[in-house]
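Engineer: Contents are compact mmCIF, N, CA and C atoms and all ligand atoms; file name query33.txt:
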```txt
# COMPACT_ATOMS: atom_id res chain seq x y z
N MET W 1 2.15 63.17 10.16
CA MET W 1 2.15 64.11 9.03
C MET W 1 3.53 64.74 8.90
N SER W 2 4.15 64.66 7.69
CA SER W 2 5.44 65.31 7.48
C SER W 2 5.20 66.75 7.06
N LYS W 3 6.30 67.52 6.89
CA LYS W 3 6.10 68.95 6.62
C LYS W 3 5.59 69.21 5.21
N LEU W 4 4.89 70.32 5.05
CA LEU W 4 4.32 70.69 3.76
C LEU W 4 5.40 71.26 2.86
N VAL W 5 5.37 70.91 1.59
CA VAL W 5 6.31 71.42 0.60
C VAL W 5 5.52 72.12 -0.50
N ARG W 6 5.95 73.32 -0.87
CA ARG W 6 5.30 74.02 -1.98
C ARG W 6 6.01 73.69 -3.28
N PHE W 7 5.24 73.52 -4.36
CA PHE W 7 5.86 73.33 -5.67
C PHE W 7 4.95 73.91 -6.75
N GLY W 8 5.58 74.31 -7.86
CA GLY W 8 4.82 74.92 -8.94
C GLY W 8 4.33 73.88 -9.93
N VAL W 9 3.14 74.10 -10.47
CA VAL W 9 2.59 73.17 -11.45
C VAL W 9 2.17 73.96 -12.68
N SER W 10 2.58 73.53 -13.86
CA SER W 10 2.11 74.13 -15.11
C SER W 10 1.05 73.22 -15.69
N LEU W 11 -0.08 73.83 -16.03
CA LEU W 11 -1.20 73.01 -16.47
C LEU W 11 -1.93 73.71 -17.61
N ASP W 12 -2.46 72.96 -18.52
CA ASP W 12 -3.31 73.50 -19.58
C ASP W 12 -4.48 74.28 -18.96
N GLY W 13 -4.74 75.49 -19.46
CA GLY W 13 -5.76 76.36 -18.87
C GLY W 13 -7.14 75.72 -18.79
N LYS W 14 -7.52 75.04 -19.89
CA LYS W 14 -8.84 74.42 -19.92
C LYS W 14 -8.95 73.30 -18.88
N LEU W 15 -7.86 72.56 -18.77
CA LEU W 15 -7.83 71.44 -17.81
C LEU W 15 -7.97 71.97 -16.39
N LEU W 16 -7.25 73.08 -16.13
CA LEU W 16 -7.30 73.69 -14.80
C LEU W 16 -8.72 74.19 -14.49
N GLN W 17 -9.37 74.76 -15.52
CA GLN W 17 -10.74 75.25 -15.35
C GLN W 17 -11.67 74.11 -14.95
N ARG W 18 -11.53 72.99 -15.64
CA ARG W 18 -12.37 71.82 -15.32
C ARG W 18 -12.05 71.28 -13.92
N PHE W 19 -10.77 71.33 -13.59
CA PHE W 19 -10.34 70.87 -12.26
C PHE W 19 -11.00 71.75 -11.18
N ASP W 20 -10.97 73.07 -11.40
CA ASP W 20 -11.57 74.00 -10.44
C ASP W 20 -13.08 73.80 -10.30
N GLU W 21 -13.74 73.54 -11.42
CA GLU W 21 -15.18 73.28 -11.37
C GLU W 21 -15.47 72.03 -10.53
N ASN W 22 -14.64 71.03 -10.77
CA ASN W 22 -14.76 69.77 -10.05
C ASN W 22 -14.54 69.98 -8.55
N ILE W 23 -13.55 70.79 -8.22
CA ILE W 23 -13.23 71.10 -6.82
C ILE W 23 -14.43 71.75 -6.14
N ARG W 24 -15.04 72.72 -6.86
CA ARG W 24 -16.21 73.41 -6.30
C ARG W 24 -17.35 72.43 -6.05
N ARG W 25 -17.59 71.59 -7.06
CA ARG W 25 -18.69 70.62 -6.94
C ARG W 25 -18.49 69.70 -5.75
N LYS W 26 -17.26 69.28 -5.55
CA LYS W 26 -16.99 68.33 -4.47
C LYS W 26 -16.78 69.00 -3.13
N GLY W 27 -16.72 70.33 -3.15
CA GLY W 27 -16.62 71.07 -1.90
C GLY W 27 -15.25 71.06 -1.25
N TYR W 28 -14.20 70.92 -2.07
CA TYR W 28 -12.85 71.02 -1.49
C TYR W 28 -12.57 72.46 -1.11
N PRO W 29 -11.89 72.69 0.02
CA PRO W 29 -11.60 74.06 0.42
C PRO W 29 -10.52 74.71 -0.46
N THR W 30 -9.56 73.94 -0.92
CA THR W 30 -8.46 74.49 -1.72
C THR W 30 -8.04 73.51 -2.82
N ARG W 31 -7.32 74.07 -3.83
CA ARG W 31 -6.72 73.23 -4.86
C ARG W 31 -5.74 72.23 -4.27
N SER W 32 -4.98 72.71 -3.28
CA SER W 32 -3.96 71.85 -2.67
C SER W 32 -4.57 70.58 -2.09
N LYS W 33 -5.70 70.78 -1.40
CA LYS W 33 -6.36 69.64 -0.76
C LYS W 33 -6.86 68.66 -1.82
N ALA W 34 -7.43 69.20 -2.90
CA ALA W 34 -7.95 68.35 -3.97
C ALA W 34 -6.82 67.58 -4.67
N LEU W 35 -5.70 68.29 -4.90
CA LEU W 35 -4.56 67.66 -5.56
C LEU W 35 -3.97 66.56 -4.68
N ALA W 36 -3.88 66.86 -3.37
CA ALA W 36 -3.34 65.86 -2.44
C ALA W 36 -4.19 64.59 -2.47
N ASP W 37 -5.50 64.76 -2.53
CA ASP W 37 -6.40 63.60 -2.58
C ASP W 37 -6.19 62.80 -3.86
N LEU W 38 -6.04 63.52 -4.98
CA LEU W 38 -5.82 62.85 -6.26
C LEU W 38 -4.54 62.01 -6.24
N ILE W 39 -3.48 62.64 -5.73
CA ILE W 39 -2.19 61.95 -5.67
C ILE W 39 -2.28 60.75 -4.74
N TYR W 40 -2.89 60.98 -3.58
CA TYR W 40 -3.04 59.89 -2.61
C TYR W 40 -3.80 58.72 -3.23
N ASN W 41 -4.93 59.04 -3.91
CA ASN W 41 -5.73 57.97 -4.50
C ASN W 41 -4.98 57.21 -5.58
N SER W 42 -4.16 57.92 -6.35
CA SER W 42 -3.41 57.22 -7.40
C SER W 42 -2.32 56.34 -6.79
N LEU W 43 -1.76 56.77 -5.65
CA LEU W 43 -0.77 55.94 -4.97
C LEU W 43 -1.41 54.70 -4.36
N VAL W 44 -2.62 54.89 -3.78
CA VAL W 44 -3.34 53.75 -3.23
C VAL W 44 -3.63 52.75 -4.35
N GLN W 45 -4.02 53.32 -5.50
CA GLN W 45 -4.29 52.48 -6.66
C GLN W 45 -3.05 51.65 -7.03
N ARG W 46 -1.89 52.30 -6.97
CA ARG W 46 -0.64 51.62 -7.32
C ARG W 46 -0.33 50.52 -6.30
N ASP W 47 -0.52 50.85 -5.02
CA ASP W 47 -0.30 49.85 -3.97
C ASP W 47 -1.15 48.62 -4.23
N ARG W 48 -2.36 48.89 -4.69
CA ARG W 48 -3.30 47.84 -5.00
C ARG W 48 -2.70 46.89 -6.03
N LEU W 49 -2.14 47.51 -7.09
CA LEU W 49 -1.55 46.72 -8.17
C LEU W 49 -0.34 45.95 -7.66
N GLU W 50 0.35 46.54 -6.70
CA GLU W 50 1.54 45.87 -6.17
C GLU W 50 1.17 44.79 -5.15
N GLY W 51 -0.10 44.69 -4.85
CA GLY W 51 -0.56 43.62 -3.97
C GLY W 51 -0.14 43.79 -2.52
N ARG W 52 0.00 45.04 -2.10
CA ARG W 52 0.38 45.28 -0.71
C ARG W 52 -0.77 45.05 0.24
N GLU W 53 -0.42 44.97 1.54
CA GLU W 53 -1.44 44.81 2.57
C GLU W 53 -2.22 46.12 2.73
N VAL W 54 -3.53 46.04 2.72
CA VAL W 54 -4.36 47.22 2.87
C VAL W 54 -5.50 46.91 3.85
N VAL W 55 -6.21 47.95 4.24
CA VAL W 55 -7.46 47.75 4.97
C VAL W 55 -8.58 48.27 4.08
N GLY W 56 -9.75 47.70 4.24
CA GLY W 56 -10.86 48.14 3.40
C GLY W 56 -12.18 47.96 4.12
N THR W 57 -13.14 48.77 3.70
CA THR W 57 -14.50 48.58 4.19
C THR W 57 -15.39 48.24 3.00
N ILE W 58 -16.30 47.35 3.25
CA ILE W 58 -17.29 46.98 2.23
C ILE W 58 -18.66 47.32 2.81
N SER W 59 -19.44 48.07 2.05
CA SER W 59 -20.80 48.41 2.49
C SER W 59 -21.80 47.65 1.63
N LEU W 60 -22.76 47.03 2.28
CA LEU W 60 -23.79 46.29 1.57
C LEU W 60 -25.16 46.76 2.01
N VAL W 61 -26.08 46.84 1.07
CA VAL W 61 -27.49 47.06 1.42
C VAL W 61 -28.28 45.92 0.80
N TYR W 62 -29.12 45.31 1.59
CA TYR W 62 -29.91 44.20 1.05
C TYR W 62 -31.23 44.05 1.81
N ASP W 63 -32.12 43.33 1.17
CA ASP W 63 -33.42 43.02 1.77
C ASP W 63 -33.30 41.64 2.40
N HIS W 64 -33.39 41.59 3.70
CA HIS W 64 -33.11 40.32 4.40
C HIS W 64 -34.14 39.22 4.09
N ARG W 65 -35.30 39.61 3.49
CA ARG W 65 -36.34 38.59 3.21
C ARG W 65 -36.00 37.74 2.00
N LYS W 66 -35.06 38.23 1.18
CA LYS W 66 -34.71 37.49 -0.04
C LYS W 66 -34.25 36.08 0.34
N ARG W 67 -34.81 35.11 -0.38
CA ARG W 67 -34.58 33.72 -0.05
C ARG W 67 -33.09 33.36 -0.09
N GLU W 68 -32.60 32.75 0.96
CA GLU W 68 -31.21 32.26 1.08
C GLU W 68 -30.14 33.34 1.09
N LEU W 69 -30.57 34.59 1.04
CA LEU W 69 -29.57 35.66 1.01
C LEU W 69 -28.70 35.68 2.26
N MET W 70 -29.32 35.58 3.41
CA MET W 70 -28.56 35.65 4.66
C MET W 70 -27.54 34.51 4.76
N SER W 71 -27.96 33.31 4.39
CA SER W 71 -27.04 32.17 4.53
C SER W 71 -25.91 32.28 3.50
N ARG W 72 -26.21 32.83 2.32
CA ARG W 72 -25.15 33.02 1.32
C ARG W 72 -24.14 34.06 1.78
N LEU W 73 -24.65 35.15 2.34
CA LEU W 73 -23.75 36.19 2.85
C LEU W 73 -22.83 35.62 3.92
N THR W 74 -23.41 34.82 4.80
CA THR W 74 -22.62 34.24 5.89
C THR W 74 -21.58 33.26 5.34
N ARG W 75 -21.99 32.45 4.37
CA ARG W 75 -21.08 31.47 3.79
C ARG W 75 -19.86 32.15 3.17
N VAL W 76 -20.11 33.19 2.37
CA VAL W 76 -19.00 33.90 1.71
C VAL W 76 -18.09 34.54 2.76
N GLN W 77 -18.70 35.14 3.79
CA GLN W 77 -17.87 35.81 4.80
C GLN W 77 -17.01 34.81 5.56
N HIS W 78 -17.53 33.60 5.77
CA HIS W 78 -16.71 32.59 6.44
C HIS W 78 -15.56 32.13 5.56
N GLN W 79 -15.78 32.14 4.24
CA GLN W 79 -14.69 31.78 3.33
C GLN W 79 -13.55 32.81 3.40
N PHE W 80 -13.89 34.03 3.81
CA PHE W 80 -12.89 35.10 3.90
C PHE W 80 -12.59 35.44 5.37
N HIS W 81 -12.69 34.45 6.26
CA HIS W 81 -12.52 34.75 7.69
C HIS W 81 -11.11 35.23 8.03
N HIS W 82 -10.12 34.91 7.18
CA HIS W 82 -8.76 35.41 7.43
C HIS W 82 -8.68 36.92 7.19
N GLN W 83 -9.50 37.43 6.28
CA GLN W 83 -9.45 38.85 5.93
C GLN W 83 -10.40 39.70 6.78
N ILE W 84 -11.56 39.15 7.13
CA ILE W 84 -12.57 39.97 7.80
C ILE W 84 -12.25 40.16 9.28
N ILE W 85 -12.15 41.42 9.68
CA ILE W 85 -11.84 41.76 11.07
C ILE W 85 -13.13 41.91 11.86
N SER W 86 -14.10 42.55 11.24
CA SER W 86 -15.30 42.92 11.97
C SER W 86 -16.43 43.22 10.99
N SER W 87 -17.66 43.11 11.48
CA SER W 87 -18.77 43.56 10.65
C SER W 87 -19.86 44.13 11.54
N GLN W 88 -20.62 45.04 10.97
CA GLN W 88 -21.69 45.66 11.73
C GLN W 88 -22.96 45.65 10.89
N HIS W 89 -24.06 45.34 11.54
CA HIS W 89 -25.34 45.22 10.86
C HIS W 89 -26.30 46.27 11.42
N VAL W 90 -26.91 47.03 10.51
CA VAL W 90 -27.89 48.03 10.92
C VAL W 90 -29.21 47.73 10.22
N HIS W 91 -30.30 47.64 10.96
CA HIS W 91 -31.61 47.44 10.36
C HIS W 91 -32.13 48.80 9.91
N LEU W 92 -32.07 49.08 8.61
CA LEU W 92 -32.40 50.40 8.09
C LEU W 92 -33.89 50.72 8.21
N ASP W 93 -34.71 49.78 7.84
CA ASP W 93 -36.15 49.95 7.96
C ASP W 93 -36.75 48.55 8.15
N ARG W 94 -38.01 48.38 7.81
CA ARG W 94 -38.66 47.11 8.08
C ARG W 94 -37.99 45.93 7.36
N HIS W 95 -37.46 46.16 6.16
CA HIS W 95 -36.91 45.06 5.37
C HIS W 95 -35.44 45.20 4.99
N ASN W 96 -34.95 46.44 4.88
CA ASN W 96 -33.59 46.66 4.39
C ASN W 96 -32.56 46.69 5.50
N CYS W 97 -31.40 46.11 5.18
CA CYS W 97 -30.30 46.06 6.12
C CYS W 97 -29.07 46.71 5.50
N LEU W 98 -28.28 47.34 6.33
CA LEU W 98 -26.97 47.85 5.92
C LEU W 98 -25.93 47.04 6.68
N GLU W 99 -24.95 46.53 5.96
CA GLU W 99 -23.89 45.80 6.62
C GLU W 99 -22.56 46.39 6.21
N ILE W 100 -21.72 46.69 7.21
CA ILE W 100 -20.39 47.23 6.95
C ILE W 100 -19.39 46.17 7.39
N ILE W 101 -18.52 45.79 6.47
CA ILE W 101 -17.51 44.77 6.76
C ILE W 101 -16.14 45.42 6.71
N ILE W 102 -15.35 45.20 7.73
CA ILE W 102 -13.99 45.73 7.74
C ILE W 102 -13.04 44.56 7.50
N ALA W 103 -12.19 44.70 6.48
CA ALA W 103 -11.30 43.61 6.11
C ALA W 103 -9.88 44.12 5.96
N ARG W 104 -8.95 43.19 6.11
CA ARG W 104 -7.53 43.53 6.00
C ARG W 104 -6.87 42.42 5.22
N GLY W 105 -5.95 42.81 4.33
CA GLY W 105 -5.26 41.79 3.54
C GLY W 105 -4.82 42.38 2.22
N LYS W 106 -4.51 41.50 1.28
CA LYS W 106 -4.14 41.96 -0.05
C LYS W 106 -5.37 42.63 -0.69
N ALA W 107 -5.11 43.78 -1.34
CA ALA W 107 -6.22 44.52 -1.96
C ALA W 107 -7.02 43.64 -2.90
N ALA W 108 -6.35 42.80 -3.63
CA ALA W 108 -7.03 41.94 -4.60
C ALA W 108 -8.02 41.00 -3.90
N GLU W 109 -7.65 40.55 -2.70
CA GLU W 109 -8.54 39.64 -1.96
C GLU W 109 -9.78 40.38 -1.47
N ILE W 110 -9.58 41.62 -1.05
CA ILE W 110 -10.71 42.41 -0.55
C ILE W 110 -11.65 42.75 -1.71
N GLU W 111 -11.06 43.05 -2.85
CA GLU W 111 -11.88 43.31 -4.06
C GLU W 111 -12.67 42.04 -4.43
N LYS W 112 -12.02 40.91 -4.27
CA LYS W 112 -12.68 39.64 -4.60
C LYS W 112 -13.84 39.37 -3.64
N LEU W 113 -13.61 39.63 -2.36
CA LEU W 113 -14.69 39.48 -1.38
C LEU W 113 -15.87 40.36 -1.75
N ASN W 114 -15.58 41.61 -2.12
CA ASN W 114 -16.65 42.53 -2.52
C ASN W 114 -17.41 41.99 -3.74
N SER W 115 -16.69 41.48 -4.71
CA SER W 115 -17.35 40.95 -5.91
C SER W 115 -18.24 39.76 -5.59
N ARG W 116 -17.74 38.91 -4.70
CA ARG W 116 -18.52 37.73 -4.32
C ARG W 116 -19.81 38.11 -3.59
N LEU W 117 -19.71 39.14 -2.72
CA LEU W 117 -20.89 39.58 -1.97
C LEU W 117 -21.87 40.29 -2.89
N ARG W 118 -21.32 41.11 -3.79
CA ARG W 118 -22.15 41.87 -4.73
C ARG W 118 -22.95 40.95 -5.64
N ALA W 119 -22.37 39.78 -5.93
CA ALA W 119 -22.99 38.85 -6.87
C ALA W 119 -24.17 38.10 -6.26
N ILE W 120 -24.32 38.17 -4.93
CA ILE W 120 -25.41 37.44 -4.28
C ILE W 120 -26.75 38.10 -4.60
N LYS W 121 -27.68 37.28 -5.03
CA LYS W 121 -29.00 37.77 -5.43
C LYS W 121 -29.69 38.46 -4.26
N GLY W 122 -30.17 39.69 -4.48
CA GLY W 122 -30.85 40.41 -3.42
C GLY W 122 -30.01 41.53 -2.84
N VAL W 123 -28.70 41.52 -3.13
CA VAL W 123 -27.84 42.62 -2.67
C VAL W 123 -28.08 43.81 -3.59
N LYS W 124 -28.55 44.91 -3.00
CA LYS W 124 -28.95 46.07 -3.81
C LYS W 124 -27.80 47.02 -4.04
N HIS W 125 -26.87 47.03 -3.12
CA HIS W 125 -25.75 47.97 -3.22
C HIS W 125 -24.54 47.31 -2.58
N ALA W 126 -23.39 47.42 -3.24
CA ALA W 126 -22.15 46.93 -2.65
C ALA W 126 -21.03 47.85 -3.11
N SER W 127 -20.28 48.40 -2.16
CA SER W 127 -19.14 49.22 -2.56
C SER W 127 -17.98 48.94 -1.64
N VAL W 128 -16.78 49.11 -2.19
CA VAL W 128 -15.58 48.83 -1.42
C VAL W 128 -14.74 50.10 -1.37
N ASN W 129 -14.11 50.31 -0.23
CA ASN W 129 -13.24 51.46 -0.03
C ASN W 129 -11.92 50.96 0.53
N ILE W 130 -10.84 51.18 -0.21
CA ILE W 130 -9.54 50.63 0.20
C ILE W 130 -8.64 51.75 0.70
N ALA W 131 -7.95 51.50 1.79
CA ALA W 131 -7.01 52.48 2.33
C ALA W 131 -5.73 51.78 2.77
N THR W 132 -4.64 52.53 2.78
CA THR W 132 -3.40 51.97 3.34
C THR W 132 -3.05 52.76 4.58
N ALA W 133 -2.29 52.14 5.45
CA ALA W 133 -1.94 52.80 6.72
C ALA W 133 -0.74 53.73 6.53
N GLY W 134 0.03 53.55 5.48
CA GLY W 134 1.23 54.37 5.35
C GLY W 134 1.44 54.87 3.94
NI NI V 201 -31.29 43.83 9.40
```
Would you give me this structure, written as C-alpha cells?

Structural biologist:
Amino acid sequence: MSKLVRFGVSLDGKLLQRFDENIRRKGYPTRSKALADLIYNSLVQRDRLEGREVVGTISLVYDHRKRELMSRLTRVQHQFHHQIISSQHVHLDRHNCLEIIIARGKAAEIEKLNSRLRAIKGVKHASVNIATAG
C-alpha cells in the first residue's frame, strides 16, 4: 500500500446525493472507500480491455442430476486447463452443487470460460470476478 493522498472533487449536488445513498445501501464506511473501489474497478475494467494477465474466480451452482451436465463441465474445464489453477466443489444440499474455479490468464479467456460454463444446460448460476495483482 502506498501513501494516502488527499484531493478535492467538485461534483453535481444531485449526483453526490445519489452517490451517498448508494454508499449507505452498500454499507461503505466512508466516501473515500467507495470512491477508491469505483476507481479500482474502472482500472480493472481497463486492464481487461488491454488484455493483461489477471486472476479470476468463477462461481457455479448446478443440479448434478441434470443429464450430461457433469461430463460437459469437465470437458469445458479440460479445454481451459492452461488457465484453471484450482477448483473446489461443495455439495450444497441433496441435489445442488457449488463449484468455485480459480483461473489465471488473459481476462478475455476467463470471461470466455465463464460464458462456456454458463451456457451448459442445468447451470443455475454462473458469475465471474476478475482481479489484478498490481
Ligand atoms: Ni455436489

Engineer: One decimal, in Å: what's the spacing between CA of Glu53 in chain W and CA of Leu113 in chain W?

Structural biologist: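 Computing the Euclidean distance for CA of Glu53 in chain W and CA of Leu113 in chain W yields 14.8 Å.
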
Engineer: Smallest atom-to-atom distance to ligand NI 201 (chain V): which of W:His95, W:His78, W:Arg46, W:Lys106, using all atoms listed in the file?

Structural biologist: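 Counting all atoms listed in the file, the residue closest to ligand NI 201 (chain V) is W:His95.
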
Engineer: Can you pull out every residue with an atom within 8 Å of ligand NI 201 (chain V)? Use all atoms listed in the file and format it as a PDB file with N, CA and C atoms, in the frame of the given file.

Structural biologist:
```pdb
ATOM      1  N   TYR W  62     -29.120  45.310   1.590  1.00  0.00           N
ATOM      2  CA  TYR W  62     -29.910  44.200   1.050  1.00  0.00           C
ATOM      3  C   TYR W  62     -31.230  44.050   1.810  1.00  0.00           C
ATOM      4  N   ASP W  63     -32.120  43.330   1.170  1.00  0.00           N
ATOM      5  CA  ASP W  63     -33.420  43.020   1.770  1.00  0.00           C
ATOM      6  C   ASP W  63     -33.300  41.640   2.400  1.00  0.00           C
ATOM      7  N   HIS W  64     -33.390  41.590   3.700  1.00  0.00           N
ATOM      8  CA  HIS W  64     -33.110  40.320   4.400  1.00  0.00           C
ATOM      9  C   HIS W  64     -34.140  39.220   4.090  1.00  0.00           C
ATOM     10  N   HIS W  89     -24.060  45.340  11.540  1.00  0.00           N
ATOM     11  CA  HIS W  89     -25.340  45.220  10.860  1.00  0.00           C
ATOM     12  C   HIS W  89     -26.300  46.270  11.420  1.00  0.00           C
ATOM     13  N   VAL W  90     -26.910  47.030  10.510  1.00  0.00           N
ATOM     14  CA  VAL W  90     -27.890  48.030  10.920  1.00  0.00           C
ATOM     15  C   VAL W  90     -29.210  47.730  10.220  1.00  0.00           C
ATOM     16  N   HIS W  91     -30.300  47.640  10.960  1.00  0.00           N
ATOM     17  CA  HIS W  91     -31.610  47.440  10.360  1.00  0.00           C
ATOM     18  C   HIS W  91     -32.130  48.800   9.910  1.00  0.00           C
ATOM     19  N   LEU W  92     -32.070  49.080   8.610  1.00  0.00           N
ATOM     20  CA  LEU W  92     -32.400  50.400   8.090  1.00  0.00           C
ATOM     21  C   LEU W  92     -33.890  50.720   8.210  1.00  0.00           C
ATOM     22  N   ASP W  93     -34.710  49.780   7.840  1.00  0.00           N
ATOM     23  CA  ASP W  93     -36.150  49.950   7.960  1.00  0.00           C
ATOM     24  C   ASP W  93     -36.750  48.550   8.150  1.00  0.00           C
ATOM     25  N   ARG W  94     -38.010  48.380   7.810  1.00  0.00           N
ATOM     26  CA  ARG W  94     -38.660  47.110   8.080  1.00  0.00           C
ATOM     27  C   ARG W  94     -37.990  45.930   7.360  1.00  0.00           C
ATOM     28  N   HIS W  95     -37.460  46.160   6.160  1.00  0.00           N
ATOM     29  CA  HIS W  95     -36.910  45.060   5.370  1.00  0.00           C
ATOM     30  C   HIS W  95     -35.440  45.200   4.990  1.00  0.00           C
ATOM     31  N   ASN W  96     -34.950  46.440   4.880  1.00  0.00           N
ATOM     32  CA  ASN W  96     -33.590  46.660   4.390  1.00  0.00           C
ATOM     33  C   ASN W  96     -32.560  46.690   5.500  1.00  0.00           C
ATOM     34  N   CYS W  97     -31.400  46.110   5.180  1.00  0.00           N
ATOM     35  CA  CYS W  97     -30.300  46.060   6.120  1.00  0.00           C
ATOM     36  C   CYS W  97     -29.070  46.710   5.500  1.00  0.00           C
ATOM     37  N   LEU W  98     -28.280  47.340   6.330  1.00  0.00           N
ATOM     38  CA  LEU W  98     -26.970  47.850   5.920  1.00  0.00           C
ATOM     39  C   LEU W  98     -25.930  47.040   6.680  1.00  0.00           C
ATOM     40  N   GLU W  99     -24.950  46.530   5.960  1.00  0.00           N
ATOM     41  CA  GLU W  99     -23.890  45.800   6.620  1.00  0.00           C
ATOM     42  C   GLU W  99     -22.560  46.390   6.210  1.00  0.00           C
TER      43      GLU W  99
END
```

Engineer: Between atom C of Glu109 in chain W and atom C of Val54 in chain W, what distance in Å does the model show, to one decimal?

Structural biologist: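 We find that atom C of Glu109 in chain W and atom C of Val54 in chain W lie 9.4 Å from each other.
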
Engineer: Please list as a VMD selection string every residue within 7 Å of Thr57 in chain W, counting all atoms listed in the file and excluding residues in the same chain fewer than 2 positions away.

Structural biologist: chain W and resid 55 59 100 to 103 127 to 131

Engineer: Please identify all polymer residues within 6 Å of Ala107 in chain W, counting only N, CA and C atoms, omitting same-chain residues fewer than 3 positions from it, and present them as a ChimeraX atom specification.

Structural biologist: /W:48,51-54,110-112

Engineer: As a list in words, which residues of range 38-85 of chain W does DSSP assign to helix (DSSP H, G or I)?

Structural biologist: Leu38, Ile39, Tyr40, Asn41, Ser42, Leu43, Val44, Gln45, Arg46, Asp47, Arg48, Leu49, Glu50, Leu69, Met70, Ser71, Arg72, Leu73, Thr74, Arg75, Val76, Gln77, His78 and Gln79 of chain W

Engineer: Now that the selection is made, can you save its residues with N, CA and C atoms as an mmCIF file, in the coordinates of the input?

Structural biologist:
```
data_model
loop_
_atom_site.group_PDB
_atom_site.id
_atom_site.type_symbol
_atom_site.label_atom_id
_atom_site.label_comp_id
_atom_site.auth_asym_id
_atom_site.auth_seq_id
_atom_site.Cartn_x
_atom_site.Cartn_y
_atom_site.Cartn_z
ATOM 1 N N LEU W 38 -6.040 63.520 -4.980
ATOM 2 C CA LEU W 38 -5.820 62.850 -6.260
ATOM 3 C C LEU W 38 -4.540 62.010 -6.240
ATOM 4 N N ILE W 39 -3.480 62.640 -5.730
ATOM 5 C CA ILE W 39 -2.190 61.950 -5.670
ATOM 6 C C ILE W 39 -2.280 60.750 -4.740
ATOM 7 N N TYR W 40 -2.890 60.980 -3.580
ATOM 8 C CA TYR W 40 -3.040 59.890 -2.610
ATOM 9 C C TYR W 40 -3.800 58.720 -3.230
ATOM 10 N N ASN W 41 -4.930 59.040 -3.910
ATOM 11 C CA ASN W 41 -5.730 57.970 -4.500
ATOM 12 C C ASN W 41 -4.980 57.210 -5.580
ATOM 13 N N SER W 42 -4.160 57.920 -6.350
ATOM 14 C CA SER W 42 -3.410 57.220 -7.400
ATOM 15 C C SER W 42 -2.320 56.340 -6.790
ATOM 16 N N LEU W 43 -1.760 56.770 -5.650
ATOM 17 C CA LEU W 43 -0.770 55.940 -4.970
ATOM 18 C C LEU W 43 -1.410 54.700 -4.360
ATOM 19 N N VAL W 44 -2.620 54.890 -3.780
ATOM 20 C CA VAL W 44 -3.340 53.750 -3.230
ATOM 21 C C VAL W 44 -3.630 52.750 -4.350
ATOM 22 N N GLN W 45 -4.020 53.320 -5.500
ATOM 23 C CA GLN W 45 -4.290 52.480 -6.660
ATOM 24 C C GLN W 45 -3.050 51.650 -7.030
ATOM 25 N N ARG W 46 -1.890 52.300 -6.970
ATOM 26 C CA ARG W 46 -0.640 51.620 -7.320
ATOM 27 C C ARG W 46 -0.330 50.520 -6.300
ATOM 28 N N ASP W 47 -0.520 50.850 -5.020
ATOM 29 C CA ASP W 47 -0.300 49.850 -3.970
ATOM 30 C C ASP W 47 -1.150 48.620 -4.230
ATOM 31 N N ARG W 48 -2.360 48.890 -4.690
ATOM 32 C CA ARG W 48 -3.300 47.840 -5.000
ATOM 33 C C ARG W 48 -2.700 46.890 -6.030
ATOM 34 N N LEU W 49 -2.140 47.510 -7.090
ATOM 35 C CA LEU W 49 -1.550 46.720 -8.170
ATOM 36 C C LEU W 49 -0.340 45.950 -7.660
ATOM 37 N N GLU W 50 0.350 46.540 -6.700
ATOM 38 C CA GLU W 50 1.540 45.870 -6.170
ATOM 39 C C GLU W 50 1.170 44.790 -5.150
ATOM 40 N N LEU W 69 -30.570 34.590 1.040
ATOM 41 C CA LEU W 69 -29.570 35.660 1.010
ATOM 42 C C LEU W 69 -28.700 35.680 2.260
ATOM 43 N N MET W 70 -29.320 35.580 3.410
ATOM 44 C CA MET W 70 -28.560 35.650 4.660
ATOM 45 C C MET W 70 -27.540 34.510 4.760
ATOM 46 N N SER W 71 -27.960 33.310 4.390
ATOM 47 C CA SER W 71 -27.040 32.170 4.530
ATOM 48 C C SER W 71 -25.910 32.280 3.500
ATOM 49 N N ARG W 72 -26.210 32.830 2.320
ATOM 50 C CA ARG W 72 -25.150 33.020 1.320
ATOM 51 C C ARG W 72 -24.140 34.060 1.780
ATOM 52 N N LEU W 73 -24.650 35.150 2.340
ATOM 53 C CA LEU W 73 -23.750 36.190 2.850
ATOM 54 C C LEU W 73 -22.830 35.620 3.920
ATOM 55 N N THR W 74 -23.410 34.820 4.800
ATOM 56 C CA THR W 74 -22.620 34.240 5.890
ATOM 57 C C THR W 74 -21.580 33.260 5.340
ATOM 58 N N ARG W 75 -21.990 32.450 4.370
ATOM 59 C CA ARG W 75 -21.080 31.470 3.790
ATOM 60 C C ARG W 75 -19.860 32.150 3.170
ATOM 61 N N VAL W 76 -20.110 33.190 2.370
ATOM 62 C CA VAL W 76 -19.000 33.900 1.710
ATOM 63 C C VAL W 76 -18.090 34.540 2.760
ATOM 64 N N GLN W 77 -18.700 35.140 3.790
ATOM 65 C CA GLN W 77 -17.870 35.810 4.800
ATOM 66 C C GLN W 77 -17.010 34.810 5.560
ATOM 67 N N HIS W 78 -17.530 33.600 5.770
ATOM 68 C CA HIS W 78 -16.710 32.590 6.440
ATOM 69 C C HIS W 78 -15.560 32.130 5.560
ATOM 70 N N GLN W 79 -15.780 32.140 4.240
ATOM 71 C CA GLN W 79 -14.690 31.780 3.330
ATOM 72 C C GLN W 79 -13.550 32.810 3.400
#
```

Engineer: Mind pulling up the distance from atom C of Arg104 in chain W to CA of Ile84 in chain W?

Structural biologist: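 Pair CA of Ile84 in chain W / atom C of Arg104 in chain W returns 6.7 Å.
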
Engineer: Please define a box with edges along x, y and z of the file around all atoms of range 67-74 of chain W given in the file, extend it by 3 Å on each side, and return its centre and edge lengths in Å to one decimal, as lines of an AutoDock Vina configuration file.

Structural biologist:
```
center_x = -28.2
center_y = 34.2
center_z = 2.8
size_x = 19.2
size_y = 10.0
size_z = 12.3
```

Engineer: Under the rule that all atoms listed in the file are counted, which of W:Gly8, W:Gln83, W:Ala126, W:Thr132 is the nearest residue to Leu60 in chain W?

Structural biologist: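 Selected residue with least distance to Leu60 in chain W: W:Ala126.
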
Engineer: Find the residues near Leu69 in chain W: any atom within 7 Å, counting only N, CA and C atoms, skip ones fewer than 3 places away on the same chain, and give them as a ChimeraX atom specification.

Structural biologist: /W:64-66,72-74,120-122
